[in-house]
$ cat entry.txt   # compact mmCIF, C-alpha atoms
# COMPACT_ATOMS: atom_id res chain seq x y z
CA MET F 1 -34.54 -18.93 4.97
CA SER F 2 -36.85 -17.58 7.63
CA ASP F 3 -37.72 -13.89 7.73
CA ARG F 4 -35.90 -13.56 11.04
CA THR F 5 -32.69 -15.06 9.59
CA PHE F 6 -33.01 -12.91 6.49
CA ILE F 7 -33.33 -9.70 8.51
CA ARG F 8 -30.33 -10.63 10.65
CA LEU F 9 -28.25 -11.49 7.60
CA LEU F 10 -29.35 -8.29 5.88
CA ILE F 11 -28.32 -6.17 8.86
CA ILE F 12 -24.94 -7.93 9.09
CA VAL F 13 -24.25 -7.49 5.35
CA VAL F 14 -25.27 -3.82 5.37
CA LEU F 15 -23.22 -3.09 8.49
CA LEU F 16 -20.16 -4.88 7.13
CA GLY F 17 -20.50 -3.16 3.75
CA MET F 18 -20.85 0.24 5.41
CA LEU F 19 -17.88 -0.46 7.68
CA VAL F 20 -15.64 -1.33 4.75
CA THR F 21 -16.86 1.68 2.73
CA VAL F 22 -16.48 4.14 5.61
CA ALA F 23 -12.97 2.79 6.37
CA HIS F 24 -12.12 3.17 2.69
CA CYS F 25 -13.40 6.78 2.69
CA ILE F 26 -11.46 7.62 5.88
CA TYR F 27 -8.29 6.21 4.32
CA ILE F 28 -8.91 8.29 1.17
CA TYR F 29 -9.48 11.45 3.22
CA PHE F 30 -6.18 11.21 5.10
CA ALA F 31 -4.04 9.80 2.30
CA TYR F 32 -5.39 12.38 -0.15
CA GLN F 33 -4.25 15.30 2.02
CA ASN F 34 -0.63 14.13 1.80
CA SER F 35 -0.53 12.39 -1.55
CA SER F 36 2.00 13.34 -4.19
CA ILE F 37 0.27 15.73 -6.58
CA ILE F 38 2.42 14.63 -9.51
CA GLN F 39 1.50 10.98 -9.02
CA PHE F 40 -2.16 11.84 -8.45
CA ILE F 41 -2.40 13.75 -11.73
CA ALA F 42 -0.22 11.27 -13.65
CA ARG F 43 -2.60 8.43 -12.76
CA GLU F 44 -5.73 10.36 -13.72
CA LEU F 45 -8.21 8.48 -15.91
CA TRP F 46 -9.16 10.13 -19.20
CA LEU F 47 -11.54 7.90 -21.13
CA MET I 1 -34.53 -17.28 -3.68
CA LYS I 2 -35.61 -13.61 -3.69
CA LYS I 3 -33.98 -13.15 -0.29
CA ILE I 4 -30.67 -14.55 -1.53
CA ILE I 5 -30.82 -12.29 -4.60
CA ALA I 6 -31.51 -9.29 -2.34
CA ILE I 7 -28.52 -10.09 -0.10
CA SER I 8 -26.28 -10.72 -3.13
CA GLY I 9 -27.47 -7.45 -4.69
CA ILE I 10 -26.53 -5.47 -1.59
CA ILE I 11 -23.08 -7.14 -1.43
CA PHE I 12 -22.61 -6.38 -5.14
CA LEU I 13 -23.59 -2.74 -4.58
CA PHE I 14 -20.96 -2.28 -1.87
CA ILE I 15 -18.36 -3.96 -4.10
CA ILE I 16 -19.22 -1.62 -6.98
CA VAL I 17 -18.97 1.48 -4.75
CA ASN I 18 -15.60 0.43 -3.35
CA VAL I 19 -14.17 -0.62 -6.72
CA PHE I 20 -15.26 2.75 -8.13
CA LEU I 21 -13.55 4.58 -5.26
CA TYR I 22 -10.43 2.46 -5.68
CA VAL I 23 -10.15 3.00 -9.43
CA THR I 24 -10.93 6.72 -9.40
CA ILE I 25 -9.09 7.75 -6.23
CA THR I 26 -7.30 5.18 -4.06
CA SER I 27 -5.13 3.74 -6.82
CA ARG I 28 -3.85 7.28 -7.55
CA LEU I 29 -2.81 8.08 -4.00
CA ALA I 30 0.93 7.98 -3.47
CA ASN I 31 1.63 9.24 0.00
CA ASN I 32 4.40 11.83 -0.03
CA PHE I 33 5.88 10.22 3.02
CA SER I 34 5.95 6.64 1.78
CA GLY I 35 9.14 4.98 0.71
CA THR I 36 8.05 4.46 -2.88
CA SER I 37 6.96 8.03 -3.30
CA GLN I 38 10.16 9.41 -1.79
CA LEU I 39 12.20 7.40 -4.24
CA LYS I 40 10.16 8.97 -7.00
CA MET I 41 10.60 12.45 -5.52
CA VAL I 42 14.36 12.10 -5.69
CA ASP I 43 16.43 8.97 -5.65
CA VAL I 44 19.38 10.49 -3.86
CA ALA I 45 21.54 7.48 -4.69
CA LYS I 46 21.64 8.71 -8.29
CA PHE I 47 23.33 11.92 -7.19
CA LEU I 48 26.12 10.72 -4.94
CA PRO I 49 29.38 12.65 -5.38
CA PHE I 50 32.51 10.71 -6.38
CA GLU I 51 30.53 7.87 -7.94
CA GLU I 52 31.17 7.37 -11.66
CA THR I 53 27.57 6.54 -12.43
CA SER I 54 26.09 9.55 -10.62
CA GLU I 55 24.17 12.09 -12.69
CA LEU I 56 26.21 15.13 -11.68
CA ALA I 57 27.63 18.17 -13.47
CA ARG I 58 31.40 17.60 -13.55
CA THR I 59 32.43 21.00 -14.85
CA GLY I 60 35.57 21.43 -12.76
CA SER I 61 36.55 24.06 -10.23
CA SER I 62 39.52 26.18 -9.25
CA LEU I 63 38.19 26.03 -5.67
CA LYS I 64 39.33 22.78 -4.10
CA PHE I 65 38.89 22.04 -0.43
CA GLN I 66 41.27 19.67 1.35
CA ARG I 67 40.49 16.74 3.62
CA ASP I 68 41.68 18.54 6.75
CA ASP I 69 39.65 21.70 6.01
CA ASP I 70 36.55 22.46 8.04
CA LEU I 71 34.23 21.36 5.25
CA PRO I 72 30.82 23.05 5.11
CA VAL I 73 27.89 20.63 5.43
CA LEU I 74 25.40 20.99 2.58
CA ASP I 75 21.70 20.18 2.55
CA GLY I 76 18.76 21.28 0.45
CA ALA I 77 15.40 20.84 -1.17
CA ALA I 78 14.75 17.69 -3.18
CA ALA I 79 14.76 19.67 -6.42
CA LEU I 80 18.25 21.03 -5.70
CA VAL I 81 19.98 17.77 -4.79
CA PRO I 82 21.78 17.67 -8.19
CA VAL I 83 23.11 21.19 -7.59
CA TYR I 84 24.61 20.77 -4.16
CA ALA I 85 25.81 17.24 -4.90
CA SER I 86 27.61 18.68 -7.94
CA VAL I 87 29.17 21.37 -5.73
CA ILE I 88 30.66 18.60 -3.58
CA GLU I 89 31.77 16.67 -6.66
CA ASN I 90 33.62 19.70 -8.03
CA CYS I 91 34.98 21.40 -4.90
CA TYR I 92 35.33 18.81 -2.15
CA PRO I 93 37.89 16.05 -1.61
CA ALA I 94 36.81 12.45 -2.22
CA GLY I 95 35.79 10.50 0.85
CA CYS I 96 33.86 13.24 2.63
CA VAL I 97 30.42 11.87 1.74
CA THR I 98 29.24 8.80 3.62
CA TYR I 99 26.11 7.33 2.14
CA GLU I 100 24.82 4.49 4.22
CA GLY I 101 22.44 3.17 1.60
CA GLY I 102 19.49 3.15 3.92
CA VAL I 103 16.17 2.16 2.51
CA PHE I 104 13.45 4.78 2.34
CA SER I 105 10.57 3.75 4.53
CA ASP I 106 7.69 5.28 6.42
CA ASP I 107 10.00 5.54 9.45
CA ASN I 108 12.71 7.10 7.34
CA TYR I 109 10.63 9.18 5.01
CA TYR I 110 13.14 11.89 4.29
CA GLY I 111 15.79 9.35 3.44
CA GLU I 112 18.24 9.72 6.29
CA ASN I 113 20.84 7.86 4.34
CA PHE I 114 23.88 9.93 5.14
CA ALA I 115 26.14 9.46 8.14
CA PRO I 116 26.10 12.35 10.64
CA ASP I 117 29.69 13.28 9.69
CA SER I 118 28.95 13.33 5.94
CA VAL I 119 29.23 16.75 4.25
CA MET I 120 26.21 15.86 2.12
CA GLN I 121 22.86 15.55 3.85
CA TYR I 122 19.36 15.26 2.42
CA GLN I 123 16.56 16.29 4.73
CA ASN I 124 14.51 18.22 2.18
CA THR I 125 13.02 21.69 2.60
CA VAL I 126 11.23 21.63 5.93
CA ARG I 127 13.64 19.67 8.13
CA GLY I 128 16.77 20.80 6.29
CA PHE I 129 15.88 24.43 6.96
CA ASP I 130 15.44 23.66 10.66
CA ALA I 131 18.86 21.96 10.64
CA LEU I 132 20.37 25.10 9.12
CA VAL I 133 18.82 27.28 11.82
CA GLU I 134 19.98 24.88 14.54
CA GLY I 135 23.50 24.88 13.10
CA SER I 136 24.02 21.26 12.02
CA VAL I 137 23.93 22.33 8.34
CA ASP I 138 26.18 25.13 7.02
CA LEU I 139 24.73 25.86 3.61
CA PHE I 140 21.18 25.16 2.52
CA PHE I 141 19.95 25.13 -1.11
CA THR I 142 16.33 26.09 -1.50
CA ALA I 143 13.59 28.22 -3.02
CA HIS I 144 13.05 31.35 -0.92
CA PRO I 145 12.24 30.35 2.67
CA SER I 146 8.60 30.85 3.64
CA LYS I 147 7.38 33.61 5.97
CA GLU I 148 6.89 31.01 8.69
CA GLN I 149 10.45 29.71 8.27
CA MET I 150 11.86 33.24 8.40
CA GLN I 151 9.78 33.94 11.50
CA SER I 152 10.99 30.74 13.12
CA ALA I 153 14.63 31.75 12.48
CA LYS I 154 13.93 35.22 13.89
CA GLU I 155 12.40 33.78 17.05
CA LYS I 156 15.64 31.84 17.58
CA ASP I 157 17.68 35.02 17.02
CA VAL I 158 19.25 33.54 13.91
CA GLU I 159 20.02 35.93 11.08
CA LEU I 160 20.28 34.40 7.64
CA GLU I 161 22.18 35.35 4.52
CA ILE I 162 20.00 34.45 1.53
CA VAL I 163 21.97 34.56 -1.69
CA PRO I 164 20.32 34.00 -5.09
CA ILE I 165 22.38 31.57 -7.18
CA GLY I 166 20.16 30.64 -10.12
CA LEU I 167 16.86 30.94 -11.91
CA GLU I 168 14.03 28.50 -12.16
CA ALA I 169 10.51 28.49 -13.56
CA PHE I 170 7.48 27.88 -11.41
CA VAL I 171 5.27 25.66 -13.55
CA PHE I 172 1.73 24.34 -13.62
CA PHE I 173 0.97 20.89 -14.93
CA VAL I 174 -1.95 18.65 -15.86
CA ASN I 175 -2.42 15.08 -17.08
CA LYS I 176 -1.01 14.55 -20.58
CA ASP I 177 -4.51 13.68 -21.86
CA ASN I 178 -6.02 16.95 -20.64
CA PRO I 179 -6.70 18.97 -23.83
CA VAL I 180 -5.79 22.26 -22.14
CA GLY I 181 -2.26 23.26 -23.09
CA GLY I 182 -2.02 26.68 -21.49
CA LEU I 183 -3.65 29.15 -19.11
CA THR I 184 -3.29 32.81 -18.33
CA THR I 185 -2.02 33.91 -14.94
CA GLU I 186 -5.48 35.31 -14.13
CA GLN I 187 -7.15 32.00 -15.04
CA ILE I 188 -4.73 30.15 -12.75
CA ARG I 189 -5.42 32.56 -9.90
CA SER I 190 -9.19 32.18 -10.46
CA ILE I 191 -8.88 28.39 -10.40
CA TYR I 192 -6.97 28.45 -7.14
CA ARG I 193 -9.43 30.91 -5.60
CA GLY I 194 -12.34 28.65 -6.48
CA GLU I 195 -13.83 31.12 -9.03
CA ILE I 196 -13.28 28.85 -12.05
CA THR I 197 -14.32 25.28 -11.26
CA ASN I 198 -14.74 23.56 -14.62
CA TRP I 199 -12.18 22.98 -17.38
CA LYS I 200 -14.72 24.02 -20.05
CA GLU I 201 -14.50 27.59 -18.69
CA VAL I 202 -10.89 27.70 -19.89
CA GLY I 203 -11.43 25.93 -23.22
CA GLY I 204 -11.14 22.34 -22.01
CA ALA I 205 -13.43 19.36 -21.51
CA SER I 206 -16.55 19.57 -19.39
CA LYS I 207 -14.90 18.24 -16.29
CA MET I 208 -14.56 19.55 -12.77
CA ILE I 209 -11.20 21.13 -11.91
CA ASN I 210 -9.31 19.67 -9.01
CA PRO I 211 -6.83 22.37 -7.90
CA LEU I 212 -4.22 20.45 -5.91
CA THR I 213 -2.13 22.13 -3.25
CA ARG I 214 1.07 21.16 -1.47
CA ILE I 215 2.12 20.98 2.15
CA LYS I 216 2.80 24.24 3.96
CA GLY I 217 6.48 25.12 4.10
CA SER I 218 7.44 23.20 0.97
CA GLY I 219 9.32 25.24 -1.63
CA SER I 220 6.58 25.04 -4.23
CA GLN I 221 3.82 25.96 -1.74
CA THR I 222 5.80 28.99 -0.58
CA MET I 223 6.18 30.07 -4.21
CA MET I 224 2.48 29.46 -4.84
CA ASP I 225 1.48 31.57 -1.82
CA LYS I 226 3.55 34.39 -3.25
CA PHE I 227 2.07 33.95 -6.74
CA MET I 228 -1.46 33.95 -5.30
CA GLU I 229 -0.72 36.94 -3.04
CA ASP I 230 -1.82 34.77 -0.10
CA LYS I 231 -5.40 34.51 -1.39
CA MET I 232 -6.01 30.90 -2.32
CA LEU I 233 -7.76 27.73 -1.27
CA THR I 234 -6.20 26.61 1.98
CA SER I 235 -6.67 22.87 1.50
CA ARG I 236 -7.52 20.33 -1.17
CA ARG I 237 -11.24 20.28 -1.85
CA LEU I 238 -12.58 16.82 -1.18
CA LEU I 239 -15.46 16.81 -3.66
CA SER I 240 -13.36 17.94 -6.60
CA VAL I 241 -11.33 14.76 -6.20
CA PHE I 242 -13.39 13.29 -9.05
CA GLY I 243 -12.37 16.09 -11.39
CA ALA I 244 -9.22 16.56 -13.47
CA GLY I 245 -6.31 17.93 -11.51
CA ILE I 246 -3.93 20.81 -11.89
CA GLY I 247 -0.76 21.05 -9.82
CA TYR I 248 2.40 23.12 -9.52
CA SER I 249 6.07 22.49 -9.13
CA PHE I 250 9.44 23.72 -10.35
CA ARG I 251 10.40 23.13 -13.97
CA TYR I 252 13.55 21.06 -13.54
CA TYR I 253 12.17 19.02 -10.67
CA LEU I 254 9.12 18.08 -12.74
CA SER I 255 10.65 17.64 -16.18
CA GLY I 256 14.22 16.63 -15.31
CA MET I 257 14.08 14.77 -12.02
CA VAL I 258 10.64 13.19 -11.76
CA ALA I 259 10.23 13.18 -15.56
CA ASP I 260 6.83 11.48 -15.54
CA ASP I 261 5.55 11.19 -19.11
CA HIS I 262 1.95 11.16 -17.91
CA VAL I 263 1.97 14.84 -16.97
CA LYS I 264 2.62 17.91 -19.09
CA MET I 265 3.60 21.47 -18.23
CA LEU I 266 1.24 24.26 -19.23
CA ALA I 267 2.16 27.39 -21.13
CA VAL I 268 1.41 30.49 -19.04
CA ASP I 269 0.22 33.61 -20.87
CA GLY I 270 1.12 31.76 -24.08
CA ILE I 271 4.74 31.08 -23.08
CA TYR I 272 5.95 27.51 -22.52
CA PRO I 273 8.36 27.08 -19.58
CA SER I 274 11.38 25.94 -21.58
CA ALA I 275 14.91 26.65 -20.33
CA GLU I 276 15.26 29.14 -23.17
CA ASN I 277 12.12 31.04 -22.17
CA VAL I 278 13.28 31.16 -18.54
CA ARG I 279 16.70 32.35 -19.69
CA ASN I 280 15.36 35.11 -21.93
CA GLY I 281 12.86 36.23 -19.31
CA SER I 282 9.73 35.68 -21.42
CA TYR I 283 8.22 33.02 -19.16
CA PRO I 284 6.20 35.06 -16.65
CA ILE I 285 6.68 33.08 -13.42
CA SER I 286 10.40 32.71 -13.06
CA THR I 287 11.94 32.70 -9.65
CA LYS I 288 15.35 32.51 -8.10
CA PHE I 289 16.73 29.74 -5.96
CA TYR I 290 19.12 30.39 -3.14
CA ALA I 291 22.05 29.32 -1.02
CA VAL I 292 21.21 30.18 2.58
CA TYR I 293 23.55 30.30 5.57
CA ARG I 294 23.64 31.71 9.07
CA LYS I 295 25.25 35.14 9.25
CA ASP I 296 27.08 34.08 12.40
CA ASN I 297 28.62 31.01 10.74
CA GLN I 298 32.33 31.20 11.59
CA ASN I 299 33.43 28.86 8.81
CA GLU I 300 34.91 31.17 6.16
CA LYS I 301 34.66 28.38 3.61
CA VAL I 302 30.90 28.85 3.50
CA ALA I 303 31.24 32.36 2.05
CA ARG I 304 33.99 31.13 -0.31
CA LEU I 305 31.68 28.44 -1.57
CA VAL I 306 28.88 30.95 -2.15
CA ASP I 307 31.31 33.25 -4.00
CA TRP I 308 32.29 30.29 -6.15
CA LEU I 309 28.64 29.53 -6.93
CA LEU I 310 28.26 33.10 -8.19
CA SER I 311 31.45 32.91 -10.26
CA GLU I 312 31.53 31.88 -13.91
CA GLU I 313 32.59 28.36 -12.89
CA GLY I 314 29.74 28.03 -10.42
CA GLN I 315 27.15 29.35 -12.83
CA THR I 316 28.42 27.01 -15.54
CA MET I 317 27.91 24.11 -13.14
CA ILE I 318 24.38 25.27 -12.34
CA GLU I 319 23.58 25.40 -16.07
CA ALA I 320 25.07 21.92 -16.53
CA CYS I 321 22.73 20.67 -13.79
CA GLY I 322 19.78 21.71 -15.98
CA TYR I 323 18.92 24.99 -14.26
CA VAL I 324 19.38 28.52 -15.53
CA GLY I 325 22.27 30.57 -14.21
CA LEU I 326 21.94 34.14 -12.95
CA SER I 327 24.47 35.34 -15.50
CA ASP I 328 21.87 34.79 -18.20
CA GLU I 329 19.19 36.77 -16.43
CA SER I 330 17.81 39.33 -18.83

$ encode --input "entry.txt" --output "structure tokens"
Amino acid sequence: MSDRTFIRLLIIVVLLGMLVTVAHCIYIYFAYQNSSIIQFIARELWL
Amino acid sequence: MKKIIAISGIIFLFIIVNVFLYVTITSRLANNFSGTSQLKMVDVAKFLPFEETSELARTGSSLKFQRDDDLPVLDGAAALVPVYASVIENCYPAGCVTYEGGVFSDDNYYGENFAPDSVMQYQNTVRGFDALVEGSVDLFFTAHPSKEQMQSAKEKDVELEIVPIGLEAFVFFVNKDNPVGGLTTEQIRSIYRGEITNWKEVGGASKMINPLTRIKGSGSQTMMDKFMEDKMLTSRRLLSVFGAGIGYSFRYYLSGMVADDHVKMLAVDGIYPSAENVRNGSYPISTKFYAVYRKDNQNEKVARLVDWLLSEEGQTMIEACGYVGLSDES
């Protein structure tokens, strides 16, 4: 793999990863404001 | 090879971050307005009058309306569906409730499953109260209306009669695995003012506290505003989402209707919110719930129904629904 291809691939992977993560965070932000508090606490993880 | 490992490592990193977010937060989000969540809030089909399998208090009544009477239309908060459905079961003639069996969905998030001419409606606190003010509902069962709701009625020149009909405990709850079993009222207020932020400060694990709030205008949020004397966090804090939550609700709604084994109610000032402790007045945050109607409602059966609710028969029915009647108020 040439350096040029690697850089392009790297940029694409980072951008896609950030896009998915930001979309996930935006979903969390809005869904969290209206989520059922009983369900949210009931599903809490205590390890 | 190193380049492929680098690319794979970055992909793996993003996967780890998103899986972590999913496990710790996303998988716990149940939108209050989704179909599934509404069914969990109250499956109204379980409380249909005149159905043998319905979970209603069939305590009998000397007040019996007839088919050709001008029957008052009843609506109410989710937590009070068993009460007003039981009123219909005991006092109304069969055939006056038309349940259309609609499926809860995001387009039908309050469960508009009743025909417009049905005497039983279920629009929950916010929309049901508006329907009362607009006149399509005669009698509304609820916690005390919020300041905003009262102001909204006033702006429309609607005067309301607000009649207490029973007692209920306002409760705080946590996950069943949270080692904290009780808090004082001052600790609760400090948590919801952002002054106490870690469970270890109140004898629990070293874990951030996530003080969860409800939507404005809901019965429990109105009660919480009153409890907090209007000085509390105004929205859910995003960063505390990774902590262990505390929430609030009404006793029977939480323990009798939702009945989720994964949450537990907290004792307040050392008193557990049992029906007995609400009845004897020892639980410190008891409240009344109400039947509300427009003062200008011309249907005399509305007042008769309210009188019946306050009678021994009505109070017996309220007790049989799992709430505490006013007659037992100490």

$ interface_residues --input "entry.txt" --of "chain I" --to "chain F" --cutoff "6 Å" --atoms "all atoms listed in the file" --output "compact mmCIF listing (two decimals) with C-alpha atoms, keeping the file's coordinate frame"
# COMPACT_ATOMS: atom_id res chain seq x y z
CA PHE I 14 -20.96 -2.28 -1.87
CA ARG I 28 -3.85 7.28 -7.55
CA LEU I 29 -2.81 8.08 -4.00
CA ALA I 30 0.93 7.98 -3.47
CA ASN I 31 1.63 9.24 0.00
CA ASN I 32 4.40 11.83 -0.03
CA ASN I 175 -2.42 15.08 -17.08
CA GLY I 245 -6.31 17.93 -11.51
CA HIS I 262 1.95 11.16 -17.91
CA VAL I 263 1.97 14.84 -16.97

$ atom_distance --input "entry.txt" --atom1 "CA of Phe173 in chain I" --atom2 "CA of Leu266 in chain I"
5.5 Å

$ atom_distance --input "entry.txt" --atom1 "CA of Gly247 in chain I" --atom2 "CA of Val174 in chain I"
6.6 Å

$ closest_atom_pairs --input "entry.txt" --of "range 170-252 of chain I" --to "range 274-287 of chain I" --cutoff "12 Å" --atoms "all atoms listed in the file" --output "CSV"
residue,atom,partner,partner_atom,distance
I:Phe170,CA,I:Ile285,CA,5.6
I:Val171,CA,I:Ile285,CA,7.6
I:Phe172,CA,I:Ile285,CA,10.0
I:Leu183,CA,I:Pro284,CA,11.7
I:Thr184,CA,I:Pro284,CA,9.9
I:Thr185,CA,I:Pro284,CA,8.5
I:Glu186,CA,I:Pro284,CA,12.0
I:Ile188,CA,I:Ile285,CA,11.8
I:Gly219,CA,I:Thr287,CA,11.3
I:Ser220,CA,I:Thr287,CA,10.8
I:Thr222,CA,I:Thr287,CA,11.6
I:Met223,CA,I:Thr287,CA,8.3
I:Met224,CA,I:Ile285,CA,10.2
I:Lys226,CA,I:Thr287,CA,10.7
I:Phe227,CA,I:Ile285,CA,8.2
I:Met228,CA,I:Ile285,CA,11.5
I:Tyr248,CA,I:Ile285,CA,11.5
I:Ser249,CA,I:Ile285,CA,11.4
I:Phe250,CA,I:Thr287,CA,9.3
I:Arg251,CA,I:Ser274,CA,8.2
I:Tyr252,CA,I:Ala275,CA,8.9

$ atom_distance --input "entry.txt" --atom1 "CA of Ala303 in chain I" --atom2 "CA of Ala169 in chain I"
26.2 Å

$ residues_near_point --input "entry.txt" --point "(21.4, 13.4, 3.9)" --cutoff "6 Å" --atoms "all atoms listed in the file" --output "ChimeraX atom specification"
/I:112-114,120-123

$ closest_atom_pairs --input "entry.txt" --of "range 198-303 of chain I" --to "range 44-67 of chain I" --cutoff "12 Å" --atoms "all atoms listed in the file" --output "tab-separated table"
residue	atom	partner	partner_atom	distance
I:Gly256	CA	I:Glu55	CA	11.2
I:Met257	CA	I:Lys46	CA	10.4
I:Glu300	CA	I:Phe65	CA	11.9
I:Lys301	CA	I:Phe65	CA	8.6
I:Val302	CA	I:Phe65	CA	11.2

$ axis_aligned_box --input "entry.txt" --around "range 16-31 of chain F" --padding-each-side "5 Å" --output "AutoDock Vina command-line options"
--center_x -12.4 --center_y 3.3 --center_z 4.4 --size_x 26.8 --size_y 26.3 --size_z 16.5

$ residues_around --input "entry.txt" --residues "Gly217 in chain I" --least-positions-apart "4" --cutoff "9 Å" --atoms "all atoms listed in the file" --output "mmCIF file with C-alpha atoms, in the frame of the given file"
data_model
loop_
_atom_site.group_PDB
_atom_site.id
_atom_site.type_symbol
_atom_site.label_atom_id
_atom_site.label_comp_id
_atom_site.auth_asym_id
_atom_site.auth_seq_id
_atom_site.Cartn_x
_atom_site.Cartn_y
_atom_site.Cartn_z
ATOM 1 C CA THR I 125 13.020 21.690 2.600
ATOM 2 C CA VAL I 126 11.230 21.630 5.930
ATOM 3 C CA PRO I 145 12.240 30.350 2.670
ATOM 4 C CA SER I 146 8.600 30.850 3.640
ATOM 5 C CA LYS I 147 7.380 33.610 5.970
ATOM 6 C CA GLU I 148 6.890 31.010 8.690
ATOM 7 C CA GLN I 149 10.450 29.710 8.270
ATOM 8 C CA GLN I 221 3.820 25.960 -1.740
ATOM 9 C CA THR I 222 5.800 28.990 -0.580
#

$ closest_residue --input "entry.txt" --among "I:His144, I:Arg127, I:Lys176, I:Lys156" --to "Lys264 in chain I" --atoms "only C-alpha atoms"
I:Lys176

$ decode --input "entry.txt" --residues "range 10-21 of chain F" --atoms "N, CA and C atoms" --output "short mmCIF file (atom, residue, chain, number, x, y, z; two decimals), in the first residue's frame"
data_model
loop_
_atom_site.label_atom_id
_atom_site.label_comp_id
_atom_site.auth_asym_id
_atom_site.auth_seq_id
_atom_site.Cartn_x
_atom_site.Cartn_y
_atom_site.Cartn_z
N LEU F 10 -6.84 6.20 5.67
CA LEU F 10 -6.85 6.63 7.07
C LEU F 10 -7.89 7.74 7.29
N ILE F 11 -7.86 8.71 6.38
CA ILE F 11 -8.81 9.83 6.50
C ILE F 11 -10.25 9.33 6.39
N ILE F 12 -10.48 8.42 5.43
CA ILE F 12 -11.85 7.89 5.24
C ILE F 12 -12.30 7.14 6.50
N VAL F 13 -11.42 6.29 7.04
CA VAL F 13 -11.78 5.50 8.23
C VAL F 13 -12.06 6.41 9.42
N VAL F 14 -11.20 7.40 9.63
CA VAL F 14 -11.38 8.32 10.76
C VAL F 14 -12.67 9.11 10.60
N LEU F 15 -12.91 9.61 9.37
CA LEU F 15 -14.13 10.39 9.15
C LEU F 15 -15.39 9.54 9.36
N LEU F 16 -15.35 8.32 8.81
CA LEU F 16 -16.52 7.44 8.99
C LEU F 16 -16.75 7.09 10.46
N GLY F 17 -15.64 6.78 11.15
CA GLY F 17 -15.74 6.44 12.58
C GLY F 17 -16.29 7.60 13.38
N MET F 18 -15.79 8.82 13.05
CA MET F 18 -16.28 10.00 13.78
C MET F 18 -17.75 10.27 13.46
N LEU F 19 -18.12 10.05 12.21
CA LEU F 19 -19.51 10.27 11.80
C LEU F 19 -20.45 9.36 12.59
N VAL F 20 -20.09 8.09 12.64
CA VAL F 20 -20.92 7.11 13.37
C VAL F 20 -20.99 7.48 14.86
N THR F 21 -19.82 7.84 15.43
CA THR F 21 -19.78 8.16 16.86
C THR F 21 -20.57 9.43 17.18
#
